[in-house]
Amino acid sequence: MNENAFWQLIEACRPSMPDPEGDALAAALTVHLANGPVPDVIGFAEQLSWALYRLDRREYGDDLSSDQFLCTRAAVVAAGREEYESVLRDPRRFTPYANNLIWAEALLYVPDNTYKHVTGEEWDRSTRYSYESYSNTAGWTDA
């Protein structure tokens, strides 16, 4: 799954109603990915980890706990490509997510839940980029 396909999938699965925790998005993504091949699940995980990794920078999460920071970054991804790219261009756009603790924790479990659904096995996931908070060392160096 390439980056464009990832964002198209996010947009196609985003609910039209408010989804404050990202549960409806996660459920729709899981259903969609469960109907495809395992490489799509893995590709989704890779793209999700890359998107989260890119937001793992000091200017976004300096005052948040690691869990708060991870879940608010997930909320930015859940908001769609346009919002995500706006936040990358202007870190001030991340402030409402951080101040209001807007989370989309459920998005983080989509790859694992889908993989288990498709294969019947737990996935010992390893992606190229870690989405865990503070793993993007270049994003946390002092400027």
# chains A, B, ... in the order shown; residues from 1 in each chain; ligands from 1
call {"tool": "closest_atom_pairs", "arguments": {"of": "segment 21-69 of chain A", "to": "segment 89-104 of chain A", "cutoff": "8 Å", "atoms": "only C-alpha atoms", "output": "CSV"}}
result
residue,atom,partner,partner_atom,distance
A:Glu21,CA,A:Ala104,CA,4.7
A:Gly22,CA,A:Ala104,CA,4.5
A:Asp23,CA,A:Ala104,CA,7.3
A:Glu59,CA,A:Pro91,CA,6.5
A:Tyr60,CA,A:Pro91,CA,6.2
A:Gly61,CA,A:Ala98,CA,7.7
A:Leu64,CA,A:Ala98,CA,7.4
A:Gln68,CA,A:Leu101,CA,7.0
A:Phe69,CA,A:Ala98,CA,7.5
call {"tool": "residues_around", "arguments": {"residues": "Gly80 of chain A", "least_positions_apart": "2", "cutoff": "7 Å", "atoms": "only C-alpha atoms", "output": "list in words"}}
result
Trp7, Ile10, Glu11, Val77, Ala78, Glu82, Glu83 and Tyr84 of chain A
call {"tool": "closest_atom_pairs", "arguments": {"of": "segment 3-106 of chain A", "to": "segment 115-121 of chain A", "cutoff": "7 Å", "atoms": "only C-alpha atoms", "output": "JSON lines"}}
result
{"residue": "A:Ala34", "atom": "CA", "partner": "A:Val118", "partner_atom": "CA", "distance": 5.8}
{"residue": "A:Val38", "atom": "CA", "partner": "A:Tyr115", "partner_atom": "CA", "distance": 6.9}
{"residue": "A:Val41", "atom": "CA", "partner": "A:Tyr115", "partner_atom": "CA", "distance": 6.5}
call {"tool": "write_last_selection", "arguments": {"atoms": "N, CA, C and O atoms", "output": "PDB file, in the first residue's frame"}}
result
ATOM      1  N   ALA A  34      -9.962  -6.356   6.340  1.00  0.00           N
ATOM      2  CA  ALA A  34     -10.197  -7.788   6.557  1.00  0.00           C
ATOM      3  C   ALA A  34     -10.700  -8.485   5.300  1.00  0.00           C
ATOM      4  O   ALA A  34     -10.599  -9.703   5.187  1.00  0.00           O
ATOM      5  N   VAL A  38      -3.433 -10.114   3.247  1.00  0.00           N
ATOM      6  CA  VAL A  38      -2.575  -9.744   4.378  1.00  0.00           C
ATOM      7  C   VAL A  38      -1.578  -8.646   4.002  1.00  0.00           C
ATOM      8  O   VAL A  38      -1.331  -7.751   4.819  1.00  0.00           O
ATOM      9  N   VAL A  41      -2.862  -5.287   4.885  1.00  0.00           N
ATOM     10  CA  VAL A  41      -2.826  -5.002   6.326  1.00  0.00           C
ATOM     11  C   VAL A  41      -1.427  -4.524   6.705  1.00  0.00           C
ATOM     12  O   VAL A  41      -1.265  -3.536   7.429  1.00  0.00           O
TER      13      VAL A  41
END
call {"tool": "select_by_dssp", "arguments": {"residues": "segment 36-130 of chain A", "states": "helix (DSSP H, G or I)", "output": "PyMOL selection string"}}
result
chain A and resi 38-54+58-61+66-78+81-89+91-99+105-108+110-119
call {"tool": "atom_distance", "arguments": {"atom1": "atom CA of Gly43 of chain A", "atom2": "atom CA of Trp140 of chain A"}}
result
26.5 Å
call {"tool": "closest_residue", "arguments": {"among": "A:Thr137, A:Thr114, A:Asn2, A:Asn35", "to": "Ala51 of chain A", "atoms": "only C-alpha atoms"}}
result
A:Asn2
call {"tool": "residues_around", "arguments": {"residues": "Ala26 of chain A", "least_positions_apart": "6", "cutoff": "9 Å", "atoms": "only C-alpha atoms", "output": "MDAnalysis selection string"}}
result
chainID A and resid 13:14 78 104 106:110
call {"tool": "write_last_selection", "arguments": {"atoms": "N, CA and C atoms", "output": "compact mmCIF listing (two decimals), in the first residue's frame"}}
result
# COMPACT_ATOMS: atom_id res chain seq x y z
N CYS A 13 -13.13 5.61 4.65
CA CYS A 13 -13.68 4.98 5.86
C CYS A 13 -14.06 5.97 6.96
N ARG A 14 -13.72 7.24 6.78
CA ARG A 14 -14.07 8.23 7.80
C ARG A 14 -15.58 8.39 7.87
N ALA A 78 -6.32 10.47 11.78
CA ALA A 78 -7.73 10.15 11.59
C ALA A 78 -8.51 11.30 10.96
N ALA A 104 -7.42 9.39 19.02
CA ALA A 104 -7.96 8.36 18.13
C ALA A 104 -7.17 7.07 18.39
N ALA A 106 -8.05 4.12 18.96
CA ALA A 106 -8.53 2.92 18.28
C ALA A 106 -7.81 2.70 16.94
N LEU A 107 -7.39 3.78 16.29
CA LEU A 107 -6.69 3.67 15.02
C LEU A 107 -5.40 2.86 15.16
N LEU A 108 -4.76 2.94 16.30
CA LEU A 108 -3.50 2.25 16.53
C LEU A 108 -3.63 0.73 16.50
N TYR A 109 -4.83 0.23 16.80
CA TYR A 109 -5.04 -1.21 16.90
C TYR A 109 -5.57 -1.84 15.61
N VAL A 110 -5.84 -1.04 14.62
CA VAL A 110 -6.41 -1.56 13.37
C VAL A 110 -5.52 -2.64 12.75
call {"tool": "closest_residue", "arguments": {"among": "A:Leu55, A:Gln8, A:Asp62, A:Asn113", "to": "Val31 of chain A", "atoms": "only C-alpha atoms"}}
result
A:Asn113
call {"tool": "atom_distance", "arguments": {"atom1": "atom CA of Leu33 of chain A", "atom2": "atom CA of Leu9 of chain A"}}
result
9.3 Å
call {"tool": "decode", "arguments": {"residues": "segment 8-136 of chain A", "atoms": "C-alpha atoms", "output": "PDB file, in the first residue's frame"}}
result
ATOM      1  CA  GLN A   8      -7.677   7.301   0.177  1.00  0.00           C
ATOM      2  CA  LEU A   9      -8.593   4.456   2.524  1.00  0.00           C
ATOM      3  CA  ILE A  10      -8.664   6.783   5.543  1.00  0.00           C
ATOM      4  CA  GLU A  11     -10.939   9.179   3.656  1.00  0.00           C
ATOM      5  CA  ALA A  12     -13.222   6.414   2.360  1.00  0.00           C
ATOM      6  CA  CYS A  13     -13.675   4.977   5.859  1.00  0.00           C
ATOM      7  CA  ARG A  14     -14.074   8.227   7.802  1.00  0.00           C
ATOM      8  CA  PRO A  15     -17.595   8.462   9.189  1.00  0.00           C
ATOM      9  CA  SER A  16     -19.813  11.382   8.261  1.00  0.00           C
ATOM     10  CA  MET A  17     -20.869  11.810  11.897  1.00  0.00           C
ATOM     11  CA  PRO A  18     -18.554  12.985  14.704  1.00  0.00           C
ATOM     12  CA  ASP A  19     -16.211  10.218  15.827  1.00  0.00           C
ATOM     13  CA  PRO A  20     -14.488  11.657  18.906  1.00  0.00           C
ATOM     14  CA  GLU A  21     -12.386   8.596  19.754  1.00  0.00           C
ATOM     15  CA  GLY A  22     -11.910   7.277  16.227  1.00  0.00           C
ATOM     16  CA  ASP A  23     -13.835   4.088  17.011  1.00  0.00           C
ATOM     17  CA  ALA A  24     -16.066   4.238  13.933  1.00  0.00           C
ATOM     18  CA  LEU A  25     -13.090   4.928  11.661  1.00  0.00           C
ATOM     19  CA  ALA A  26     -11.147   2.031  13.188  1.00  0.00           C
ATOM     20  CA  ALA A  27     -14.102  -0.326  12.765  1.00  0.00           C
ATOM     21  CA  ALA A  28     -14.601   0.661   9.124  1.00  0.00           C
ATOM     22  CA  LEU A  29     -10.903   0.300   8.360  1.00  0.00           C
ATOM     23  CA  THR A  30     -10.819  -3.119   9.998  1.00  0.00           C
ATOM     24  CA  VAL A  31     -13.794  -4.340   7.964  1.00  0.00           C
ATOM     25  CA  HIS A  32     -12.286  -3.019   4.746  1.00  0.00           C
ATOM     26  CA  LEU A  33      -8.812  -4.437   5.361  1.00  0.00           C
ATOM     27  CA  ALA A  34     -10.197  -7.788   6.557  1.00  0.00           C
ATOM     28  CA  ASN A  35     -11.695  -8.283   3.103  1.00  0.00           C
ATOM     29  CA  GLY A  36      -8.313  -7.977   1.418  1.00  0.00           C
ATOM     30  CA  PRO A  37      -4.997  -9.768   1.448  1.00  0.00           C
ATOM     31  CA  VAL A  38      -2.575  -9.744   4.378  1.00  0.00           C
ATOM     32  CA  PRO A  39      -0.073  -7.547   2.461  1.00  0.00           C
ATOM     33  CA  ASP A  40      -2.682  -4.754   2.535  1.00  0.00           C
ATOM     34  CA  VAL A  41      -2.826  -5.002   6.326  1.00  0.00           C
ATOM     35  CA  ILE A  42       0.952  -4.861   6.512  1.00  0.00           C
ATOM     36  CA  GLY A  43       1.059  -1.958   4.057  1.00  0.00           C
ATOM     37  CA  PHE A  44      -1.516  -0.084   6.124  1.00  0.00           C
ATOM     38  CA  ALA A  45       0.589  -0.635   9.248  1.00  0.00           C
ATOM     39  CA  GLU A  46       3.688   0.671   7.472  1.00  0.00           C
ATOM     40  CA  GLN A  47       1.933   3.808   6.236  1.00  0.00           C
ATOM     41  CA  LEU A  48       0.305   4.450   9.617  1.00  0.00           C
ATOM     42  CA  SER A  49       3.618   4.112  11.431  1.00  0.00           C
ATOM     43  CA  TRP A  50       5.273   6.488   8.922  1.00  0.00           C
ATOM     44  CA  ALA A  51       2.524   9.091   9.333  1.00  0.00           C
ATOM     45  CA  LEU A  52       2.746   8.930  13.127  1.00  0.00           C
ATOM     46  CA  TYR A  53       6.549   8.981  13.048  1.00  0.00           C
ATOM     47  CA  ARG A  54       6.553  12.178  10.992  1.00  0.00           C
ATOM     48  CA  LEU A  55       4.470  13.897  13.685  1.00  0.00           C
ATOM     49  CA  ASP A  56       6.795  12.711  16.447  1.00  0.00           C
ATOM     50  CA  ARG A  57       8.596  16.014  16.954  1.00  0.00           C
ATOM     51  CA  ARG A  58       9.314  18.315  19.860  1.00  0.00           C
ATOM     52  CA  GLU A  59       7.218  21.188  18.514  1.00  0.00           C
ATOM     53  CA  TYR A  60       4.111  18.998  18.777  1.00  0.00           C
ATOM     54  CA  GLY A  61       4.497  16.958  21.935  1.00  0.00           C
ATOM     55  CA  ASP A  62       6.865  18.656  24.305  1.00  0.00           C
ATOM     56  CA  ASP A  63       4.254  19.020  27.067  1.00  0.00           C
ATOM     57  CA  LEU A  64       2.377  15.720  26.676  1.00  0.00           C
ATOM     58  CA  SER A  65       2.872  12.305  28.220  1.00  0.00           C
ATOM     59  CA  SER A  66       3.939   9.607  25.778  1.00  0.00           C
ATOM     60  CA  ASP A  67       0.428   8.091  25.675  1.00  0.00           C
ATOM     61  CA  GLN A  68      -1.263  11.460  25.234  1.00  0.00           C
ATOM     62  CA  PHE A  69       1.161  12.370  22.476  1.00  0.00           C
ATOM     63  CA  LEU A  70       0.682   9.086  20.626  1.00  0.00           C
ATOM     64  CA  CYS A  71      -3.104   9.229  20.758  1.00  0.00           C
ATOM     65  CA  THR A  72      -3.283  12.882  19.706  1.00  0.00           C
ATOM     66  CA  ARG A  73      -0.994  12.161  16.747  1.00  0.00           C
ATOM     67  CA  ALA A  74      -3.366   9.343  15.807  1.00  0.00           C
ATOM     68  CA  ALA A  75      -6.241  11.844  15.906  1.00  0.00           C
ATOM     69  CA  VAL A  76      -4.425  14.037  13.394  1.00  0.00           C
ATOM     70  CA  VAL A  77      -4.068  11.054  11.061  1.00  0.00           C
ATOM     71  CA  ALA A  78      -7.732  10.145  11.586  1.00  0.00           C
ATOM     72  CA  ALA A  79      -8.691  13.695  10.559  1.00  0.00           C
ATOM     73  CA  GLY A  80      -7.489  12.934   7.029  1.00  0.00           C
ATOM     74  CA  ARG A  81      -4.693  13.886   4.692  1.00  0.00           C
ATOM     75  CA  GLU A  82      -5.558  17.553   4.297  1.00  0.00           C
ATOM     76  CA  GLU A  83      -5.557  18.181   8.047  1.00  0.00           C
ATOM     77  CA  TYR A  84      -2.490  15.996   8.549  1.00  0.00           C
ATOM     78  CA  GLU A  85      -0.496  17.919   5.957  1.00  0.00           C
ATOM     79  CA  SER A  86      -1.701  21.234   7.404  1.00  0.00           C
ATOM     80  CA  VAL A  87      -0.388  20.194  10.815  1.00  0.00           C
ATOM     81  CA  LEU A  88       2.955  19.189   9.290  1.00  0.00           C
ATOM     82  CA  ARG A  89       3.224  22.618   7.659  1.00  0.00           C
ATOM     83  CA  ASP A  90       2.129  24.537  10.751  1.00  0.00           C
ATOM     84  CA  PRO A  91       2.720  22.956  14.178  1.00  0.00           C
ATOM     85  CA  ARG A  92       0.302  25.470  15.735  1.00  0.00           C
ATOM     86  CA  ARG A  93      -2.510  23.455  14.127  1.00  0.00           C
ATOM     87  CA  PHE A  94      -1.603  20.612  16.508  1.00  0.00           C
ATOM     88  CA  THR A  95      -2.445  22.756  19.550  1.00  0.00           C
ATOM     89  CA  PRO A  96      -6.203  21.981  19.638  1.00  0.00           C
ATOM     90  CA  TYR A  97      -5.451  18.253  19.576  1.00  0.00           C
ATOM     91  CA  ALA A  98      -3.005  18.607  22.456  1.00  0.00           C
ATOM     92  CA  ASN A  99      -4.992  21.105  24.535  1.00  0.00           C
ATOM     93  CA  ASN A 100      -8.293  19.252  24.186  1.00  0.00           C
ATOM     94  CA  LEU A 101      -6.700  15.788  24.299  1.00  0.00           C
ATOM     95  CA  ILE A 102      -8.398  14.758  21.073  1.00  0.00           C
ATOM     96  CA  TRP A 103      -7.520  11.101  20.690  1.00  0.00           C
ATOM     97  CA  ALA A 104      -7.962   8.355  18.131  1.00  0.00           C
ATOM     98  CA  GLU A 105      -6.392   5.513  20.057  1.00  0.00           C
ATOM     99  CA  ALA A 106      -8.529   2.921  18.276  1.00  0.00           C
ATOM    100  CA  LEU A 107      -6.686   3.674  15.019  1.00  0.00           C
ATOM    101  CA  LEU A 108      -3.498   2.249  16.532  1.00  0.00           C
ATOM    102  CA  TYR A 109      -5.041  -1.211  16.902  1.00  0.00           C
ATOM    103  CA  VAL A 110      -6.409  -1.560  13.372  1.00  0.00           C
ATOM    104  CA  PRO A 111      -3.416  -3.452  11.922  1.00  0.00           C
ATOM    105  CA  ASP A 112      -3.158  -5.916  14.822  1.00  0.00           C
ATOM    106  CA  ASN A 113      -6.896  -6.574  15.065  1.00  0.00           C
ATOM    107  CA  THR A 114      -7.238  -6.991  11.315  1.00  0.00           C
ATOM    108  CA  TYR A 115      -4.245  -9.294  11.061  1.00  0.00           C
ATOM    109  CA  LYS A 116      -5.672 -11.518  13.790  1.00  0.00           C
ATOM    110  CA  HIS A 117      -9.080 -11.516  12.105  1.00  0.00           C
ATOM    111  CA  VAL A 118      -7.605 -12.505   8.734  1.00  0.00           C
ATOM    112  CA  THR A 119      -4.999 -15.037   9.894  1.00  0.00           C
ATOM    113  CA  GLY A 120      -6.296 -16.193  13.277  1.00  0.00           C
ATOM    114  CA  GLU A 121      -2.871 -15.432  14.723  1.00  0.00           C
ATOM    115  CA  GLU A 122      -1.391 -12.647  16.828  1.00  0.00           C
ATOM    116  CA  TRP A 123       0.916 -10.360  14.889  1.00  0.00           C
ATOM    117  CA  ASP A 124       4.304  -9.643  16.348  1.00  0.00           C
ATOM    118  CA  ARG A 125       4.382  -6.447  14.367  1.00  0.00           C
ATOM    119  CA  SER A 126       7.552  -4.763  13.349  1.00  0.00           C
ATOM    120  CA  THR A 127       7.322  -1.783  11.012  1.00  0.00           C
ATOM    121  CA  ARG A 128      10.100   0.222   9.470  1.00  0.00           C
ATOM    122  CA  TYR A 129       9.266   3.232  11.650  1.00  0.00           C
ATOM    123  CA  SER A 130       8.231   3.093  15.256  1.00  0.00           C
ATOM    124  CA  TYR A 131       5.141   5.099  16.066  1.00  0.00           C
ATOM    125  CA  GLU A 132       5.918   5.165  19.775  1.00  0.00           C
ATOM    126  CA  SER A 133       6.332   8.647  21.190  1.00  0.00           C
ATOM    127  CA  TYR A 134       9.829  10.120  21.091  1.00  0.00           C
ATOM    128  CA  SER A 135      11.199   7.436  18.730  1.00  0.00           C
ATOM    129  CA  ASN A 136      11.909   9.970  15.964  1.00  0.00           C
TER     130      ASN A 136
END
